[in-house]
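S.K.: Right, I'll just put the structure down here and ask away after.
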Amino acid sequence: MSAVSAGGGNRSTTLFVLRNAPVLLFIVLLACFGLMSDRFLTVTNFVNIVIQAAHIGIIAIGMTFVLLIGGIDLSIGANMYIVAAVLGLFLKDLPLAISFPLVTLIGLAFGAVNAWFITRLRVAAFITTLSTLFIGRGIALYFSGNKMVGFSPEVLALGRASYFGVPSAIWGFAIVFIAAYVTLSQTTFGRQIYAVGADPDAAGKAGIDVRRIVFSVYCIAGVCAAIGGLISLSQVAVASSTFGFQKEFPVIAATVLGGTSLFGGRGGVLGTVFGAVLIQTVENGLVMTNADPYLYPLVISIIIFIAVFIDSSRNSILERLERRQIRVERV
Amino acid sequence: MSSTQSITPGSAAEATRPQRSFAVRLLMSEYLVLVLTAIYFLVMWALVPSIATADTLLDILAAMMPLLVVAIGQTFVLIVAGIDLAAPSILAAASVAGASMMTGEGGFALFTGVPIGVGILAFVGVGLLIGLLNGVCVTRLGMPPFIVTLTTMMFFSGFALFYTSALTDDGSSFGDLPSAFVAIGQGTWHGVPYSLALAGAVMLVAHLTLSRTVFGSWLYAIGRNPRAAAISGVPVRRAVLWAFVISGLCGGIASIIYTGRLETGTPVLGQRILLDIVGSAVIGGVSLFGGKGRVTWTLYGVLFLSVVDKGLQLLGLDLASVFAIKGLVILSAAVLDAVRHRLTLRG
Amino acid sequence: KAEGSKTVALLFDSLVSPFWVSGIEIMREKAKAKGWTTLENISNFDDNKQFEQVKAMISRKVDGILIIQTDAKAVIPAIRAANAANIPMVHFNRPPAKSDAYSVAIQADNRKIMQDTVGFMVAKAKKQGGKYKACILIGDLGDVNAIQRRDGFFDVVNANKDIIDVVARVSTEWNADKAFAGLTNAIQANPDINFLVTSSDFLHPQIEQVLKSANKWHKTGEAGHVLFGGFDGDEGAYARLQDGYLDACGVQNLFLEVDMAFGAFEDLWAGKKPEKLLLDPGFVITQEDLMAKRDQMWGYTVWKKMQKG
Amino acid sequence: MTAAPFFEASGLCKSFFGVQVLHGMGFTLRPGQVLGLVGENGSGKSTTMNILGGVLPMDAGRMTLDGADYHPRGPREAEARGIAFIHQELNLFRNLSVAENLFITGFPKRIKGLPFIDRGRVAARTQELLKAVDLDIAPNTPVSRLSQGERQLVEIAKALGANARIMIFDEPTTSLTTRETDRLFDIIGRLQRQGIAIIYISHILGDVMRLCDDIVVLRDGHKVGQAARADMTIEKMITLMVGRTIDQMFPPREPPVTLGAPVLEVRGLNQRGMVKDIGFTLRAGEVLGISGLMGAGRSELARILFGMDPHESGDIRIGGTQVRELSPAACMDHGMAFLTEDRRAEGLMMEASIADNIALASLPKFGRSWAGFIERTRLGDEVQRISGAVRINARDIQRTLVKNLSGGNQQKAVIGKWLLHEPRVFILDEPTRGIDVGAKYEVYKIINQLAADGAGVLFISSEIEELTGMCDRIMVMAQGEIRAEFPRAGFDREAILRAAMWHGMKETA
Ligand SMILES: Nc1ncnc2c1ncn2[C@@H]1O[C@H](COP(=O)(O)OP(=O)(O)OP(=O)(O)O)[C@@H](O)[C@H]1O
Ligand SMILES: Nc1ncnc2c1ncn2[C@@H]1O[C@H](COP(=O)(O)OP(=O)(O)OP(=O)(O)O)[C@@H](O)[C@H]1O
Ligand SMILES: [Mg+2]
Ligand SMILES: [Mg+2]
């Protein structure tokens, strides 16, 4: 029954530390790996981390939209593979300026199919996207015949390219992030997403077009899956029949690690980016320190665990500290 | 595929409406998934007659038992609006831990001659322990179930691999298990597989617990509104903890059956079946948002997925077709369910 | 049944790499040529599901089961079931663990082939002189072949510690992204890596992409060339050998393995009882003997077809 | 001033699951008219308004607005046609700020044609609207941190911002105290003068009489009466509503001759920023009222007493034993029960049946053997008895979901839940929120019965009449402190109000 004894200025520093706890954890992590490997704390390495986190991060940004309305999209991996198969098999000879928008549209269409079943026929999102996960991959496998799909040299060059000193993957990541961030925080559509996630019935009564919001959100997830797929394939240079397979797990993990709730209404894309980068940082640190591969999952899971533990204890303390009071106490 | 429990308001007014045809009533009932399974079965029968042989049917039944047991465990967690992603790692960790106790080949030979009970204890113990860990993190540390079980899944899957590589020569699995143990997964008693009896017992206990006991009602209440439940004196934290422990226990038991069937303790056991576990419960009608679910629904879901899979296996098609057909079957089932739901609402 | 109308089940655990994709295609073709029907099932690395698939095939009363299991021990109940149903079973590329059950396995001698491959690279390194920083891309830690290849690698480098220092072991889990990220990180940590071995050729595109980014993609003889060894012998490996980027490749003789497997079925149907394990000795192919040996390399055939088509 | 009607509804019918709940309802509205709508719980008031507001489609009937057909396909269209609706169940998004809630359907844009929100204008406009309802909070306060009453004011502010021609108030005062209610009536008067038509639904018939020009009475979905204020009396309304006469608002309360032993003793209870130095004793057989303004800390005190919120110091004895580790379960073990003010979030499982809800708090009592098998027939009988006692209006309590009940019937379900628990100490926070006169009378009778059977009742209410009618003693809270205490003999509405208005801290600071 003890309350947090923090008064005046002391309290505001406590609040500051608590609010930034995830960042502090991140810094501690960087310091630890930095001590163990002298090549870890370099700009190039950090750039590497972000490059590698980019495709998961972008798809997870799309997933954030979906989770915010209390939905789920398990089909992103299949979406990625369709995009890869179409690009590699049918659009190989088109210039990037045409083929990329085209496959992004395919991603959008895939999302729209999910959305149609979810909003029009009211099939549960979990099952809809579980089925399209199978169907989508089945169709793409039919095209590729299980074979490795290769891409044009321009696509591969794009994967290695930099513009103004910034690698292409980071450009993609940054643009998607900024667009998503602004959409969620600065537009009516974005705020309505939060409203729908908190209480769809109330949102309907308030006059929000709930269906339209839900529909758009799955389309956004589809587009993000396509863009993430493009970035990933431009890096790994080929798409095997397992391209994107079971990607839903790391993607949802990054999103949830970033503080977005599976039940809707809570979270945001900044956290998602943080979640994606955090996981990649740990994987990178392990390779940098030449750790035993058997230890990777053990270490990664422990660090994610600590991160979430800090986050949830912080939230409960913050809630207590920031509670509105009905009495003004004299100190 | 949601269906409101039998307490749909629609049924209240049932008597006042003209009697519907049998087909419509079936479509509207909670047995829809069973009906769909039967339809699928008939279609398959036309394509591959061997699906209807007694052997194949018994195969389907025996094969679905371990999945059923884990899915029942998952149902408990889903009812309290949680999720247990650690289930596959429980299968794997229990499998290698239990198997290593019972084999001289790389495992702890010191138990040679000791009853296989020790091994079984290890299976169950690992399941309980991981379940307890998940439960403690969720209820005491206030962490979200999704991420807690995701990390425990990574950790214990990784640990199972590590453990196996450290103890065995080829680093891949524990074989050469005692035949008495293997019998649990493979043996039969007057034609009835032991695994069927074991899973049947688990199902019965789980069903009674959920539908008849105070504890079961508490779980539903927590899933429906945890705050209202807590204010009504439900020991929310304790009950949620138990839900995870039960899920872990079920994982341990399922691992016994799987390991016995394969005669091998393997660290990759169940690594690909997470979506099958959660999916079968959800297809049966259990809600991911808590408060809604039944053991029988999960049974229907597991049966549905198992029959769909067996049919596809028998057809022996290429991967693309298998994926496409499986997806289409699930989707059509879901669409039918949605249509049915709307009909019930319209009254 | 008449000889002409045999039905054979092909049970693969995945089709991730060209080795498996080409494998199943060669099997389909050769089976068709013999007038056999094939049924397929892919288990996605799930031992239990594969067991179910074997049982399904037994229900369909096929004449033979060709299986690529994920785990050597977990496949034993499946062999027993096949034995009980009197259906011959042949393991392709991965042998089962020892047991009383009878089946025939065809396997490449992974450890030996890898030893030879790395041995060739070490010899080349010694000739060039200097010290080497080595990196290996390891496959899935649950896969016997991956483990045997890793062991073959370490057998040789550990014997040559004086000139080779293994600075990075990249765990790929047979996954292209993991390979890409892991290798990028490894090169970041050790920019002076100059000896690289992959446990499977299907990871070449990622390796090429990473080495290009790090400006380390050079042909043999050029300055900054990374000694590069592969395994499997797929079409990409052939192309890279021909272009001079890949120094050596441990080839599994896929055609031979398929012939051995189908031959085993025919022997079994004829009532003969072949040895439980038939080894494909495999071979190492290098830039130097490429022209001489390429006709035995399955990747070359695939490559040739691609050039035409 | 009698302008012609510009809105007309006639023959409205609506069924749910084959059961008709509205039978040919109809009325007209003139600019500047305040139309009162009264009826028992579940008589169809909210349903009528939901049809008007586009939330529900009607099965039959006709509505016209300015002579043209009006058939809204959704709330959006209703809003566009100038109809603003304050729902009975608050419709705010807890995860958004007050300002965002006010503008969620259409934020002012920074640049026309681009989707970006002009935060500055949002804040300024929010300030204005909050000021209109006299709510002193920052625009970016998250709604989750507001009390029920404050949320209700935010809803009203939201409706004010809509610039509507018809405004529907569905029980807007259930969480408001006298002061805010008066303020609301001022606002309604102003709107009326601007020519806005108002529909006002309430169970507080006095308010309806005071405010409305015309009154429509509903019973079981039928319009059973309509009259101008001058031709209407409260008695007449009640007779029309319930089909019989009720001559008293409160059942006779016989103050116990000798009070029993203390059932709840509180000494020196403190929690920084919430409550200060609370001390009182509640005895068996006593009904103790707590009055106060919004934000006085009454609900906070109750939550602390029931172990839902922490406290720093203090001594709490329930039934004579000191309870150190307060928690709802521990309090319930000692015979305490607590009816919270937020029935939707804290009281009910919306997706469960009425029976499941009523049984929830008492399940262990019906558990048999070590496994806790529920004695289903005994439980079923008891639940049935309770639902009869609180007069829940539903056909089948085993099957009807609580979310499909009318607001008042939902409240009865929560009360029923606690009655089944047979509390020795019952804390009631606004127990008669949204329930009709007849049902209120029943609840009062239940409270009297509980007290007569030796329970102690702590009765928190914002309706002073209710407290003076029901309590043996009234404490008044302000700013987290108990400011005054009145015995039954000294009940005085003005004195109670004055004590509640105390601003001690602010004045001395
Ligand atoms: N969504 C729904 N589904 C089923 N029945 C409903 C639904 N909404 C309302 N009802 C039923 O319709 C009837 C009228 O309800 P309504 O909410 O209009 O009552 P009300 O007059 O507003 O009552 P209260 O004073 O308690 O708010 C009730 O019997 C109620 O149970
Ligand atoms: N969940 C909550 N979190 C933080 N602050 C809260 C919460 N609920 C209420 N408060 C704050 O506590 C104060 C008192 O709440 P409340 O208005 O419920 O008191 P009260 O005296 O019970 O008044 P009433 O019940 O009449 O509204 C309010 O200023 C409110 O902002
Ligand atoms: Mg109402
Ligand atoms: Mg209150």
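All residue names refer to the structure tokens as shown: chains lettered A, B, ... in order, residues numbered from 1 in each chain, ligands numbered from 1 in order.
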Hey, which residues sit close to ligand 2? Say within 10 Å, counting only C-alpha atoms and all ligand atoms, and write them as a PyMOL selection string.
M.R.: (chain A and resi 319-320+322-327) or (chain D and resi 137+141-152+174-178+273-275+290-303+309+340-342+429-430+460-463+476-480)
S.K.: Check every residue of chain D for an atom within 9 Å of chain B, counting only C-alpha atoms, and provide those that qualify as a ChimeraX atom specification.
M.R.: /D:16-19,306,308,327-333,337-338,340,343-353,356-357,360-364,366-368,371-376,395-396,398-401,404,417-418
S.K.: Output C-alpha atoms for every residue in that selection, as a PDB file, in the first residue's frame.
M.R.:
ATOM      1  CA  PHE D  16     -35.150  -7.043 -32.114  1.00  0.00           C
ATOM      2  CA  PHE D  17     -34.844 -10.767 -32.808  1.00  0.00           C
ATOM      3  CA  GLY D  18     -38.489 -11.008 -33.633  1.00  0.00           C
ATOM      4  CA  VAL D  19     -39.684  -9.124 -30.568  1.00  0.00           C
ATOM      5  CA  PHE D 306     -13.120  -1.861  -1.325  1.00  0.00           C
ATOM      6  CA  MET D 308      -9.388  -1.253  -5.518  1.00  0.00           C
ATOM      7  CA  SER D 327      -8.624  -6.277  -1.955  1.00  0.00           C
ATOM      8  CA  PRO D 328     -12.063  -6.824  -3.447  1.00  0.00           C
ATOM      9  CA  ALA D 329     -11.840 -10.527  -2.677  1.00  0.00           C
ATOM     10  CA  ALA D 330     -10.800  -9.893   0.946  1.00  0.00           C
ATOM     11  CA  CYS D 331     -13.505  -7.295   1.416  1.00  0.00           C
ATOM     12  CA  MET D 332     -16.079  -9.664  -0.026  1.00  0.00           C
ATOM     13  CA  ASP D 333     -14.931 -12.381   2.350  1.00  0.00           C
ATOM     14  CA  ALA D 337     -20.100  -5.408  -1.575  1.00  0.00           C
ATOM     15  CA  PHE D 338     -19.524  -2.441  -3.860  1.00  0.00           C
ATOM     16  CA  THR D 340     -19.400   0.931  -8.828  1.00  0.00           C
ATOM     17  CA  ARG D 343     -21.451  -0.187 -14.826  1.00  0.00           C
ATOM     18  CA  ARG D 344     -20.226  -0.737 -18.326  1.00  0.00           C
ATOM     19  CA  ALA D 345     -16.508  -1.022 -17.592  1.00  0.00           C
ATOM     20  CA  GLU D 346     -16.550  -2.277 -14.045  1.00  0.00           C
ATOM     21  CA  GLY D 347     -19.926  -3.728 -13.357  1.00  0.00           C
ATOM     22  CA  LEU D 348     -21.000  -5.954 -16.186  1.00  0.00           C
ATOM     23  CA  MET D 349     -19.836  -8.524 -18.665  1.00  0.00           C
ATOM     24  CA  MET D 350     -21.632  -7.086 -21.674  1.00  0.00           C
ATOM     25  CA  GLU D 351     -21.256 -10.212 -23.789  1.00  0.00           C
ATOM     26  CA  ALA D 352     -22.638 -12.530 -21.124  1.00  0.00           C
ATOM     27  CA  SER D 353     -26.161 -13.416 -20.137  1.00  0.00           C
ATOM     28  CA  ASP D 356     -24.074 -15.208 -15.692  1.00  0.00           C
ATOM     29  CA  ASN D 357     -23.706 -11.620 -14.555  1.00  0.00           C
ATOM     30  CA  LEU D 360     -20.570 -13.896 -10.880  1.00  0.00           C
ATOM     31  CA  ALA D 361     -19.879 -12.579  -7.395  1.00  0.00           C
ATOM     32  CA  SER D 362     -21.408 -15.533  -5.579  1.00  0.00           C
ATOM     33  CA  LEU D 363     -20.068 -18.483  -7.535  1.00  0.00           C
ATOM     34  CA  PRO D 364     -17.975 -19.996  -4.711  1.00  0.00           C
ATOM     35  CA  PHE D 366     -22.521 -22.640  -5.135  1.00  0.00           C
ATOM     36  CA  GLY D 367     -19.390 -24.730  -5.598  1.00  0.00           C
ATOM     37  CA  ARG D 368     -19.576 -28.315  -4.392  1.00  0.00           C
ATOM     38  CA  ALA D 371     -13.382 -29.455  -7.616  1.00  0.00           C
ATOM     39  CA  GLY D 372     -15.954 -26.731  -7.136  1.00  0.00           C
ATOM     40  CA  PHE D 373     -18.685 -28.159  -9.338  1.00  0.00           C
ATOM     41  CA  ILE D 374     -21.436 -25.610  -9.541  1.00  0.00           C
ATOM     42  CA  GLU D 375     -24.831 -26.642  -8.223  1.00  0.00           C
ATOM     43  CA  ARG D 376     -26.588 -25.470 -11.286  1.00  0.00           C
ATOM     44  CA  ARG D 395     -37.878 -12.742 -21.156  1.00  0.00           C
ATOM     45  CA  ASP D 396     -35.160 -15.243 -20.502  1.00  0.00           C
ATOM     46  CA  GLN D 398     -30.335 -17.363 -19.123  1.00  0.00           C
ATOM     47  CA  ARG D 399     -30.189 -16.347 -22.754  1.00  0.00           C
ATOM     48  CA  THR D 400     -30.536 -12.599 -23.007  1.00  0.00           C
ATOM     49  CA  LEU D 401     -27.178 -10.863 -23.239  1.00  0.00           C
ATOM     50  CA  ASN D 404     -29.100  -6.025 -25.314  1.00  0.00           C
ATOM     51  CA  LYS D 417     -25.338  -9.466  -8.632  1.00  0.00           C
ATOM     52  CA  TRP D 418     -24.522  -7.950  -5.268  1.00  0.00           C
TER      53      TRP D 418
END
S.K.: Compare B:Met153, B:Val307, B:Ala338, B:Ile130 by their minimum atom-to-atom distance to chain C, counting only C-alpha atoms, and give me the closest one.
M.R.: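 Going through B:Met153, B:Val307, B:Ala338, B:Ile130 one by one, the smallest distance to chain C is for B:Val307.
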S.K.: Excluding same-chain residues fewer than 6 positions from segment 189-191 of chain B, what lies within 12 Å of it counting only C-alpha atoms, as a list in words?
M.R.: Ala54, Asp55, Leu58, Asp59, Ala62, Ala183, Ala197 and Leu198 of chain B
S.K.: Give me, as a tab-separated table (two decimals) with all heavy atoms, in the first residue's frame, all polymer residues having an atom no more than 10 Å from Lys49 of chain C, counting only C-alpha atoms and skipping those fewer than 5 positions away in the same chain.
M.R.:
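Writing done, so here's result-v3.tsv:
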chain	number	residue	atom	x	y	z
B	63	ALA	N	-3.81	-39.44	-35.11
B	63	ALA	CA	-2.89	-38.34	-35.41
B	63	ALA	C	-3.37	-37.03	-34.81
B	63	ALA	O	-2.58	-36.16	-34.47
B	63	ALA	CB	-2.75	-38.20	-36.92
B	270	GLY	N	7.03	-29.82	-33.30
B	270	GLY	CA	5.97	-28.83	-33.20
B	270	GLY	C	6.35	-27.41	-33.57
B	270	GLY	O	5.57	-26.49	-33.36
B	272	ARG	N	6.40	-26.00	-36.29
B	272	ARG	CA	5.64	-25.42	-37.38
B	272	ARG	C	4.14	-25.44	-37.11
B	272	ARG	O	3.36	-25.16	-38.01
B	272	ARG	CB	5.90	-26.19	-38.68
B	272	ARG	CG	7.35	-26.33	-39.02
B	272	ARG	CD	7.81	-25.14	-39.82
B	272	ARG	NE	9.26	-25.02	-39.73
B	272	ARG	CZ	9.98	-24.24	-40.51
B	272	ARG	NH1	9.40	-23.51	-41.42
B	272	ARG	NH2	11.27	-24.17	-40.36
B	273	ILE	N	3.73	-25.83	-35.93
B	273	ILE	CA	2.28	-26.04	-35.80
B	273	ILE	C	1.57	-24.98	-34.97
B	273	ILE	O	0.43	-25.14	-34.60
B	273	ILE	CB	1.95	-27.44	-35.24
B	273	ILE	CG1	2.49	-27.59	-33.83
B	273	ILE	CG2	2.46	-28.52	-36.15
B	273	ILE	CD1	1.89	-28.82	-33.14
B	309	ASP	N	-6.17	-31.86	-43.81
B	309	ASP	CA	-4.79	-32.22	-44.09
B	309	ASP	C	-4.68	-33.64	-44.64
B	309	ASP	O	-3.95	-33.89	-45.59
B	309	ASP	CB	-3.95	-32.11	-42.81
B	309	ASP	CG	-3.36	-30.72	-42.66
B	309	ASP	OD1	-3.51	-29.93	-43.61
B	309	ASP	OD2	-2.77	-30.42	-41.61
B	310	LYS	N	-5.40	-34.55	-44.01
B	310	LYS	CA	-5.29	-35.95	-44.46
B	310	LYS	C	-5.76	-36.08	-45.90
B	310	LYS	O	-5.12	-36.75	-46.71
B	310	LYS	CB	-6.10	-36.85	-43.52
B	310	LYS	CG	-5.92	-38.32	-43.77
B	310	LYS	CD	-4.46	-38.74	-43.76
B	310	LYS	CE	-4.02	-39.34	-42.45
B	310	LYS	NZ	-2.61	-39.73	-42.40
B	313	GLN	N	-3.06	-34.87	-48.11
B	313	GLN	CA	-1.93	-35.81	-48.15
B	313	GLN	C	-2.24	-36.97	-49.08
B	313	GLN	O	-1.40	-37.39	-49.87
B	313	GLN	CB	-1.64	-36.35	-46.75
B	313	GLN	CG	-0.98	-35.34	-45.82
B	313	GLN	CD	-1.04	-35.77	-44.38
B	313	GLN	OE1	-1.42	-36.90	-44.07
B	313	GLN	NE2	-0.65	-34.88	-43.48
C	13	ASP	N	10.97	-32.83	-47.38
C	13	ASP	CA	10.69	-32.01	-46.19
C	13	ASP	C	10.67	-30.53	-46.52
C	13	ASP	O	10.22	-29.72	-45.73
C	13	ASP	CB	11.64	-32.34	-45.03
C	13	ASP	CG	13.01	-31.75	-45.19
C	13	ASP	OD1	13.40	-31.42	-46.32
C	13	ASP	OD2	13.71	-31.62	-44.17
C	41	ASN	N	4.29	-34.96	-51.45
C	41	ASN	CA	3.92	-34.35	-50.17
C	41	ASN	C	5.13	-33.65	-49.59
C	41	ASN	O	6.21	-34.20	-49.58
C	41	ASN	CB	3.44	-35.42	-49.17
C	41	ASN	CG	1.94	-35.61	-49.20
C	41	ASN	OD1	1.20	-34.64	-49.09
C	41	ASN	ND2	1.50	-36.84	-49.36
C	42	ILE	N	4.90	-32.44	-49.14
C	42	ILE	CA	6.00	-31.67	-48.55
C	42	ILE	C	5.67	-31.44	-47.07
C	42	ILE	O	4.56	-31.00	-46.76
C	42	ILE	CB	6.14	-30.28	-49.21
C	42	ILE	CG1	6.06	-30.39	-50.73
C	42	ILE	CG2	7.42	-29.59	-48.75
C	42	ILE	CD1	7.20	-31.09	-51.39
C	43	SER	N	6.60	-31.73	-46.18
C	43	SER	CA	6.25	-31.67	-44.76
C	43	SER	C	6.66	-30.37	-44.08
C	43	SER	O	6.31	-30.15	-42.92
C	43	SER	CB	6.93	-32.82	-44.02
C	43	SER	OG	8.32	-32.59	-43.96
C	44	ASN	N	7.42	-29.52	-44.77
C	44	ASN	CA	7.85	-28.29	-44.12
C	44	ASN	C	8.59	-28.51	-42.82
C	44	ASN	O	8.31	-27.85	-41.81
C	44	ASN	CB	6.66	-27.38	-43.87
C	44	ASN	CG	6.64	-26.27	-44.86
C	44	ASN	OD1	7.70	-25.76	-45.22
C	44	ASN	ND2	5.47	-25.92	-45.34
C	54	VAL	N	3.48	-40.33	-44.61
C	54	VAL	CA	3.85	-41.71	-44.93
C	54	VAL	C	2.63	-42.61	-44.75
C	54	VAL	O	2.31	-43.45	-45.59
C	54	VAL	CB	5.00	-42.18	-44.02
C	54	VAL	CG1	5.22	-43.68	-44.19
C	54	VAL	CG2	6.27	-41.42	-44.35
C	55	LYS	N	1.92	-42.40	-43.66
C	55	LYS	CA	0.74	-43.23	-43.42
C	55	LYS	C	-0.30	-43.03	-44.51
C	55	LYS	O	-0.95	-43.99	-44.93
C	55	LYS	CB	0.14	-42.89	-42.07
C	55	LYS	CG	1.02	-43.34	-40.92
C	55	LYS	CD	0.21	-43.45	-39.67
C	55	LYS	CE	0.79	-44.48	-38.73
C	55	LYS	NZ	-0.06	-44.66	-37.56
S.K.: Find the spatial neighbours of Ser202 of chain D, counting only C-alpha atoms, within a cut-off of 7 Å - ignore same-chain residues fewer than 3 positions away - and output them as a count of residues only.
M.R.: 5
S.K.: Starting from chain B, keep only residues with some atom at most 8 Å from an atom of chain A, counting only C-alpha atoms, and report them as a PyMOL selection string.
M.R.: chain B and resi 1-2+141-143+146-148+150-152+154-159+161-162+279+282-283+289+319-328+330-331+334-335+337-339
S.K.: Within 9 Å of chain D, which residues of chain A are there when counting only C-alpha atoms? Please give them as a ChimeraX atom specification.
M.R.: /A:1-3,182-183,185-189,191-192,194-196,198-199,201-209,265-266,323-330
S.K.: Residues within 7 Å of ligand 1, counting only C-alpha atoms and all ligand atoms: report them as a ChimeraX atom specification.
M.R.: /D:16-17,21,39-48,88,393-394,404-409,434-436
S.K.: Which residues come within 8 Å of Ser103 of chain C, counting only C-alpha atoms, excluding same-chain residues fewer than 2 positions away, as a PyMOL selection string?
M.R.: chain C and resi 79+88-91+101+105+276
S.K.: Now that the selection is made, can you save its residues with N, CA, C and O atoms as an mmCIF file, in the first residue's frame?
M.R.:
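Contents of out-v4.cif, freshly written:
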data_model
loop_
_atom_site.group_PDB
_atom_site.id
_atom_site.type_symbol
_atom_site.label_atom_id
_atom_site.label_comp_id
_atom_site.auth_asym_id
_atom_site.auth_seq_id
_atom_site.Cartn_x
_atom_site.Cartn_y
_atom_site.Cartn_z
ATOM 1 N N ILE C 79 9.374 -45.938 -41.151
ATOM 2 C CA ILE C 79 9.946 -47.097 -41.852
ATOM 3 C C ILE C 79 9.236 -48.369 -41.391
ATOM 4 O O ILE C 79 8.869 -49.224 -42.188
ATOM 5 N N PRO C 88 8.351 -50.770 -50.094
ATOM 6 C CA PRO C 88 9.765 -50.396 -50.031
ATOM 7 C C PRO C 88 9.934 -48.909 -49.737
ATOM 8 O O PRO C 88 9.154 -48.082 -50.219
ATOM 9 N N MET C 89 10.951 -48.599 -48.939
ATOM 10 C CA MET C 89 11.189 -47.197 -48.620
ATOM 11 C C MET C 89 12.635 -46.852 -48.908
ATOM 12 O O MET C 89 13.537 -47.593 -48.536
ATOM 13 N N VAL C 90 12.821 -45.733 -49.572
ATOM 14 C CA VAL C 90 14.174 -45.281 -49.892
ATOM 15 C C VAL C 90 14.359 -43.863 -49.369
ATOM 16 O O VAL C 90 13.510 -43.001 -49.588
ATOM 17 N N HIS C 91 15.453 -43.665 -48.645
ATOM 18 C CA HIS C 91 15.746 -42.331 -48.118
ATOM 19 C C HIS C 91 16.662 -41.632 -49.075
ATOM 20 O O HIS C 91 17.677 -42.187 -49.479
ATOM 21 N N ALA C 101 14.507 -51.679 -38.348
ATOM 22 C CA ALA C 101 13.653 -51.527 -39.526
ATOM 23 C C ALA C 101 14.515 -51.488 -40.776
ATOM 24 O O ALA C 101 15.657 -51.049 -40.759
ATOM 25 N N ALA C 105 19.035 -46.271 -47.999
ATOM 26 C CA ALA C 105 19.306 -44.842 -48.016
ATOM 27 C C ALA C 105 20.379 -44.518 -49.037
ATOM 28 O O ALA C 105 21.342 -45.258 -49.198
ATOM 29 N N LYS C 276 21.805 -51.247 -46.803
ATOM 30 C CA LYS C 276 20.973 -50.197 -46.185
ATOM 31 C C LYS C 276 21.449 -48.793 -46.557
ATOM 32 O O LYS C 276 20.658 -47.866 -46.607
#
S.K.: Give me the residues near Gly26 of chain D as a ChimeraX atom specification, where near means some atom within 9 Å (using only C-alpha atoms) and where sequence neighbours in that chain fewer than 2 positions away do not count.
M.R.: /D:8-12,24,28,61-63,223
S.K.: Taking only C-alpha atoms into account, what are the residues of chain C at most 9 Å from chain A, put as a ChimeraX atom specification?
M.R.: /C:14-18,21-22,141,167-171,175-177,179-190,202-203,205-210,212-213
S.K.: Residues of chain B no more than 9 Å from chain C, counting only C-alpha atoms: send them over as a ChimeraX atom specification.
M.R.: /B:48-51,53,55-56,59-60,63,161,165,170-176,258-259,261-273,310-319,322
S.K.: Would you please extract all helix (DSSP H, G or I) residues from segment 211-292 of chain D, as assigned by DSSP on the backbone, and give them as an MDAnalysis selection string?
M.R.: chainID D and resid 211 229:231 234:242
S.K.: Based on the backbone DSSP call, show me all residues of segment 17-78 of chain C assigned strand (DSSP E or B), as an NGL selection string.
M.R.: :C and (37-42 or 64-67)
S.K.: Distance atom CA of Pro31 of chain D-atom CA of Ala228 of chain D, one decimal place?
M.R.: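 For atom CA of Pro31 of chain D relative to atom CA of Ala228 of chain D, the distance reads 15.5 Å.
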S.K.: Report the distance between atom CA of Met291 of chain C and atom CA of Leu241 of chain C in Å, rounded to one decimal place.
M.R.: 10.4 Å
S.K.: Using only C-alpha atoms and all ligand atoms, which of D:Arg210, D:Arg433, D:Arg498, D:Arg30 sits nearest ligand 3?
M.R.: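 For ligand 3, the nearest of the candidates is D:Arg433.
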S.K.: Between atom CA of Ala115 of chain A and atom CA of Ala281 of chain B, what is the spacing in Å?
M.R.: 22.5 Å
